[in-house]
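Structure record follows, encoded as structure tokens.
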Amino acid sequence: MTKETWLHDLRRFLADDHVKMDEPLHLHTLTRMGGPADIFVAPTTEDETAYTVKYAYENNIPLLLLGNGSNMVVRDGGVRGIVLNLKSLHTIRIEGTTVYAQGGANIKEVSKAAASNRLTGLEFACGIPGSIGGAMAMNAGAYGGEIKDVIRKATVLTKEGNKLELSKEDLELGYRKSIITKKGYYVLSAEFELEFGNQLVIDAKMSDLTMQRETKQPLEFPSAGSVFKRPPGNFAGKLIQESGLQGKGFGGAEVSTKHAGFIVNKNNATANDYIKTIEMVKSAVREKFGIDLELEVKIVGEDMA
Ligand SMILES: NC(=O)C1=CN([C@@H]2O[C@H](COP(=O)(O)OP(=O)(O)OC[C@H]3O[C@@H](n4cnc5c(N)ncnc54)[C@H](OP(=O)(O)O)[C@@H]3O)[C@@H](O)[C@H]2O)C=CC1
Ligand SMILES: C=C(O[C@H]1[C@H](O)[C@@H](CO)O[C@H](OP(=O)(O)OP(=O)(O)OC[C@H]2O[C@@H](n3ccc(=O)[nH]c3=O)[C@H](O)[C@@H]2O)[C@@H]1NC(C)=O)C(=O)O
């Protein structure tokens, strides 16, 4: 089967403008890097999403899920197969202390919506650039809070395209991991249980966390956030800084001078520049500290031919 056939088949069920061929992925990743996807699907309904997942499964076509592209490094040759982007599944609904959000909703928006309904519990997420699905998959956390603290349940699709409801316990949330990544599920929606709080306290916490993030993280440049996980009992940024790597890199990619745990796309970096910089950091930290840094970002796709 060719990508032209996939395009034609998918457009029999999905709206034409929800399925594109050779879509450049640098338009959909926060590093602003990455080559084209053979087929790029942006469904607006859960039915279109399930159809795409089933189609890929039944025809043995590789399927890559892309949320907000905040944690993904796409190689310069792009991605073969189908890239499924849930950004247009972004409904947020609040009833009492329950917050419902679809998988493609931006977690920052969900955090803001909760706060403006006087709900406390999701303030930690006010600056996280990922989607609800990405955040669930990785049990996203920042400033002492994590998804695990507030999640009630999630609805997912299995690899075969069947719907499944998972309770908090079923989700097996740990540091940057969950059953979702383990089994390759796709998050359609999630429900959070929050509490009513004091509006002034909620707003003050959100402002404080936003200020801390803006002061400490290089948000002025495109990046994939923290490139490495925290090694047990340590911090990647600290080890990288102490290895003297800040300001170093390849091409347009550079270890941030503001926060060494970030590699920024400072000047039209290619994914190749970014990945070479990651490798340089890994080997320098291994040499100096004997610690193998584990990637938090996901590197996908193929090198340029
Ligand atoms: N704490 C912070 O400051 C920051 C945190 N992050 C976190 O990184 C994560 C990235 O989110 P996002 O930008 O949307 O993800 P990306 O688009 O970068 O995708 C990365 C991976 O997340 C998984 N994913 C994304 N959407 C879904 C979904 N609907 N269902 C299941 N898995 C999904 C997929 O992994 P797979 O298919 O392998 O399961 C995907 O390959 C979030 O947890 C975000 O909070 C990112 C930057 C900063
Ligand atoms: C940005 C991300 O998430 C971030 C999240 O925003 C922040 C804030 O809570 O805490 C984590 O960063 P982090 O582990 O680097 O935490 P920070 O609080 O920034 O730094 C930890 C420690 O390292 C030190 N540090 C940091 C950067 C640096 O250049 N040098 C240095 O010495 C800091 O002084 C601090 O003592 C998350 N990253 C991981 C891998 O857990 C992301 O996941 O992409």
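Chain lettering (A, B, ...) mirrors the order of the structure tokens, residue numbering begins at 1 for each chain separately, and ligand numbering begins at 1 in order of display.
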What do you get as a PyMOL selection string if you pick all residues at most 7 Å from ligand 1, counting only C-alpha atoms and all ligand atoms? chain A and resi 64-72+86+103-104+127-142+180-181+184-188+224-226+298
Selection to disk with N, CA and C atoms, as a compact mmCIF listing (two decimals), in the first residue's frame:
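That gives us result_1.txt:
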```
# COMPACT_ATOMS: atom_id res chain seq x y z
N LEU A 64 1.86 6.96 14.81
CA LEU A 64 2.52 7.73 15.87
C LEU A 64 1.55 8.78 16.38
N LEU A 65 1.40 8.80 17.71
CA LEU A 65 0.50 9.79 18.29
C LEU A 65 1.28 11.06 18.62
N LEU A 66 0.76 12.17 18.17
CA LEU A 66 1.40 13.46 18.46
C LEU A 66 0.39 14.31 19.21
N GLY A 67 0.78 14.76 20.41
CA GLY A 67 -0.12 15.64 21.17
C GLY A 67 0.22 17.07 20.80
N ASN A 68 0.78 17.79 21.77
CA ASN A 68 1.15 19.18 21.48
C ASN A 68 2.58 19.27 20.97
N GLY A 69 3.25 18.13 20.81
CA GLY A 69 4.62 18.12 20.28
C GLY A 69 5.61 18.80 21.21
N SER A 70 5.34 18.75 22.53
CA SER A 70 6.23 19.46 23.47
C SER A 70 7.36 18.57 23.96
N ASN A 71 7.25 17.27 23.67
CA ASN A 71 8.22 16.35 24.25
C ASN A 71 8.80 15.43 23.18
N MET A 72 8.72 15.90 21.95
CA MET A 72 9.02 15.01 20.82
C MET A 72 10.09 15.64 19.94
N LEU A 86 -4.11 14.88 17.98
CA LEU A 86 -5.43 15.05 18.61
C LEU A 86 -5.74 16.49 19.02
N GLY A 103 -8.50 14.44 25.08
CA GLY A 103 -7.07 14.14 25.03
C GLY A 103 -6.19 15.20 24.39
N GLY A 104 -6.77 15.96 23.44
CA GLY A 104 -5.96 16.96 22.75
C GLY A 104 -6.00 18.33 23.40
N GLY A 127 1.83 25.97 33.54
CA GLY A 127 2.84 26.33 32.54
C GLY A 127 3.30 25.13 31.72
N ILE A 128 2.65 23.99 31.90
CA ILE A 128 3.11 22.79 31.18
C ILE A 128 2.58 22.84 29.74
N PRO A 129 3.49 22.73 28.76
CA PRO A 129 3.06 22.95 27.37
C PRO A 129 2.43 21.74 26.66
N GLY A 130 2.15 20.64 27.36
CA GLY A 130 1.66 19.44 26.67
C GLY A 130 0.15 19.34 26.59
N SER A 131 -0.31 18.30 25.92
CA SER A 131 -1.75 18.00 25.84
C SER A 131 -2.14 17.13 27.04
N ILE A 132 -3.45 17.01 27.26
CA ILE A 132 -3.94 16.13 28.33
C ILE A 132 -3.46 14.69 28.10
N GLY A 133 -3.51 14.22 26.86
CA GLY A 133 -3.08 12.85 26.56
C GLY A 133 -1.61 12.64 26.86
N GLY A 134 -0.78 13.60 26.42
CA GLY A 134 0.66 13.51 26.69
C GLY A 134 0.93 13.57 28.19
N ALA A 135 0.19 14.43 28.86
CA ALA A 135 0.37 14.58 30.31
C ALA A 135 -0.04 13.33 31.05
N MET A 136 -1.10 12.68 30.60
CA MET A 136 -1.55 11.42 31.23
C MET A 136 -0.52 10.32 30.98
N ALA A 137 -0.05 10.24 29.73
CA ALA A 137 0.89 9.18 29.35
C ALA A 137 2.14 9.24 30.23
N MET A 138 2.59 10.48 30.50
CA MET A 138 3.85 10.64 31.22
C MET A 138 3.66 10.97 32.69
N ASN A 139 2.41 11.00 33.16
CA ASN A 139 2.13 11.47 34.52
C ASN A 139 2.89 12.78 34.74
N ALA A 140 2.59 13.77 33.88
CA ALA A 140 3.30 15.05 33.91
C ALA A 140 3.28 15.66 35.30
N GLY A 141 4.40 16.28 35.64
CA GLY A 141 4.48 16.91 36.95
C GLY A 141 5.37 18.13 36.91
N ALA A 142 5.11 19.04 37.82
CA ALA A 142 5.97 20.22 37.96
C ALA A 142 5.68 20.84 39.32
N ILE A 180 -0.43 3.73 30.02
CA ILE A 180 -0.69 4.23 28.65
C ILE A 180 0.53 4.02 27.76
N THR A 181 1.71 4.38 28.28
CA THR A 181 2.92 4.18 27.49
C THR A 181 3.25 2.68 27.42
N GLY A 184 0.63 1.17 25.02
CA GLY A 184 0.40 1.87 23.75
C GLY A 184 -1.06 2.29 23.57
N TYR A 185 -1.71 2.71 24.67
CA TYR A 185 -3.08 3.21 24.57
C TYR A 185 -3.09 4.65 24.05
N TYR A 186 -4.25 5.08 23.54
CA TYR A 186 -4.43 6.46 23.09
C TYR A 186 -5.48 7.12 23.97
N VAL A 187 -5.14 8.24 24.60
CA VAL A 187 -6.07 8.89 25.53
C VAL A 187 -7.09 9.74 24.77
N LEU A 188 -8.36 9.39 24.94
CA LEU A 188 -9.43 10.19 24.31
C LEU A 188 -9.88 11.30 25.24
N ALA A 224 12.28 21.16 23.68
CA ALA A 224 11.40 20.05 24.07
C ALA A 224 11.34 19.94 25.59
N GLY A 225 11.57 21.05 26.30
CA GLY A 225 11.54 21.01 27.77
C GLY A 225 12.74 20.25 28.30
N SER A 226 12.56 19.58 29.44
CA SER A 226 13.67 18.78 30.00
C SER A 226 13.99 17.65 29.04
N LYS A 298 11.09 12.05 23.47
CA LYS A 298 10.98 10.88 22.61
C LYS A 298 11.54 11.28 21.24
```
Excluding Arg93 in chain A and residues on its chain fewer than 5 positions from it, collect all residues at most 10 Å away from it, counting only C-alpha atoms, and give them as a list in words. Thr98, Val99, Tyr100, Ala101, Gln102, Val110, Ala113, Ala114 and Glu191 of chain A
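By only C-alpha atoms, and with residues fewer than 4 positions from range 43-46 of chain A along its chain excluded, the set lying at most 6 Å from it is A:His18, A:Ser88, A:Leu89.
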File of the preceding selection, N, CA and C atoms, as a tab-separated table (two decimals), in the first residue's frame:
```tsv
chain	number	residue	atom	x	y	z
A	18	HIS	N	-9.12	16.90	7.22
A	18	HIS	CA	-8.57	16.29	8.44
A	18	HIS	C	-7.45	15.31	8.12
A	88	SER	N	-7.29	18.82	17.78
A	88	SER	CA	-8.66	19.34	17.56
A	88	SER	C	-9.70	18.64	18.42
A	89	LEU	N	-9.27	17.68	19.24
A	89	LEU	CA	-10.18	17.07	20.23
A	89	LEU	C	-9.89	17.78	21.54
```
Would you mind listing the residues within 6 Å of ligand 2, counting only C-alpha atoms and all ligand atoms, as an mmCIF file with C-alpha atoms, in the first residue's frame?
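out.cif written:
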```cif
data_model
loop_
_atom_site.group_PDB
_atom_site.id
_atom_site.type_symbol
_atom_site.label_atom_id
_atom_site.label_comp_id
_atom_site.auth_asym_id
_atom_site.auth_seq_id
_atom_site.Cartn_x
_atom_site.Cartn_y
_atom_site.Cartn_z
ATOM 1 C CA ALA A 142 5.968 20.220 37.961
ATOM 2 C CA TYR A 143 6.553 22.169 41.158
ATOM 3 C CA GLY A 225 11.541 21.014 27.767
ATOM 4 C CA SER A 226 13.666 18.783 30.004
ATOM 5 C CA PHE A 228 16.537 13.997 30.395
ATOM 6 C CA LYS A 229 14.717 12.491 33.363
ATOM 7 C CA ARG A 230 15.955 13.201 36.871
ATOM 8 C CA PHE A 235 19.178 16.516 38.781
ATOM 9 C CA GLY A 237 20.507 20.143 34.861
ATOM 10 C CA LYS A 238 22.957 20.209 37.770
ATOM 11 C CA GLN A 241 26.036 22.454 34.304
ATOM 12 C CA HIS A 259 18.783 25.911 32.482
ATOM 13 C CA ALA A 260 21.258 23.171 31.522
ATOM 14 C CA GLY A 261 18.505 20.518 31.439
#
```
Point out the residue among A:Pro36, A:Gly244, A:Pro218, A:Gly161 with the least atom-to-atom distance to Lys54 in chain A, counting only C-alpha atoms. A:Gly161
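Minimum atom-to-atom distance to Arg213 in chain A, evaluated using only C-alpha atoms, belongs to A:Phe124 out of A:Val227, A:Phe124, A:Val281, A:Gly233.
The protein and nucleic acid residues lying at most 8 Å from Gly249 in chain A are Gly247, Gly251, Gly252, Ala253, Glu254, Val255, Asp273, Tyr274, Lys276, Thr277 and Met280 of chain A, with only C-alpha atoms considered and sequence neighbours fewer than 2 positions away removed.
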Residues from the last selection, C-alpha atoms, saved as a PDB file, in the first residue's frame:
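Below is the file that was written, selection_33.pdb:
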```
ATOM      1  CA  GLY A 247      26.346  27.252  25.624  1.00  0.00           C
ATOM      2  CA  GLY A 251      24.693  23.877  14.479  1.00  0.00           C
ATOM      3  CA  GLY A 252      21.736  25.866  15.767  1.00  0.00           C
ATOM      4  CA  ALA A 253      21.220  23.667  18.864  1.00  0.00           C
ATOM      5  CA  GLU A 254      22.699  24.612  22.223  1.00  0.00           C
ATOM      6  CA  VAL A 255      22.641  23.503  25.868  1.00  0.00           C
ATOM      7  CA  ASP A 273      22.039  19.183  15.392  1.00  0.00           C
ATOM      8  CA  TYR A 274      19.727  18.594  18.365  1.00  0.00           C
ATOM      9  CA  LYS A 276      24.179  15.314  18.236  1.00  0.00           C
ATOM     10  CA  THR A 277      23.976  17.780  21.135  1.00  0.00           C
ATOM     11  CA  MET A 280      27.496  15.004  23.431  1.00  0.00           C
TER      12      MET A 280
END
```
Pick from A:Glu169, A:Glu214, A:Ala236, A:Asp149: nearest to Leu293 in chain A, with only C-alpha atoms counted? A:Ala236
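Distances from A:Tyr55, A:Val74, A:Cys126, A:Leu30 to Gln212 in chain A were compared using only C-alpha atoms, and the smallest one belongs to A:Cys126.
Among the candidate residues A:Thr270, A:Leu25, A:Ile82, A:Thr31, the one lying nearest to Leu7 in chain A is A:Ile82, with distances computed using only C-alpha atoms.
Closest approach to Trp6 in chain A from the set A:Thr29, A:Asn59, A:Asn198, A:Thr120 is made by A:Asn59, with distances taken over only C-alpha atoms.
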Tell me, which residues of range 70-304 of chain A carry DSSP strand (DSSP E or B), written as a count of residues only? 67
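Taking only C-alpha atoms, the non-local environment of Lys148 in chain A within 8 Å (same-chain residues fewer than 4 positions away omitted) comprises Asn139, Lys168, Leu173 and Gly174 of chain A.
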Contacts of range 47-49 of chain A at 8 Å (only C-alpha atoms; same-chain gap of 4+ positions) as a PyMOL selection string: chain A and resi 13-14+43+53
Keeping only C-alpha atoms, take the residues you just selected and write them out as an mmCIF file, in the first residue's frame.
```cif
data_model
loop_
_atom_site.group_PDB
_atom_site.id
_atom_site.type_symbol
_atom_site.label_atom_id
_atom_site.label_comp_id
_atom_site.auth_asym_id
_atom_site.auth_seq_id
_atom_site.Cartn_x
_atom_site.Cartn_y
_atom_site.Cartn_z
ATOM 1 C CA PHE A 13 -14.620 8.333 6.409
ATOM 2 C CA LEU A 14 -12.848 11.485 7.608
ATOM 3 C CA PRO A 43 -9.602 14.216 13.732
ATOM 4 C CA VAL A 53 -6.532 3.775 14.854
#
```
Neighbours of Pro62 in chain A within 9 Å (only C-alpha atoms; same-chain residues fewer than 2 positions away dropped), as a ChimeraX atom specification? /A:56-57,60,64,80-83
So which residues of range 47-242 of chain A fall under helix (DSSP H, G or I) by DSSP, listed as a VMD selection string? chain A and resid 47 to 58 107 to 116 123 to 125 132 to 138 147 to 149 179 to 183 199 to 216 236 to 242
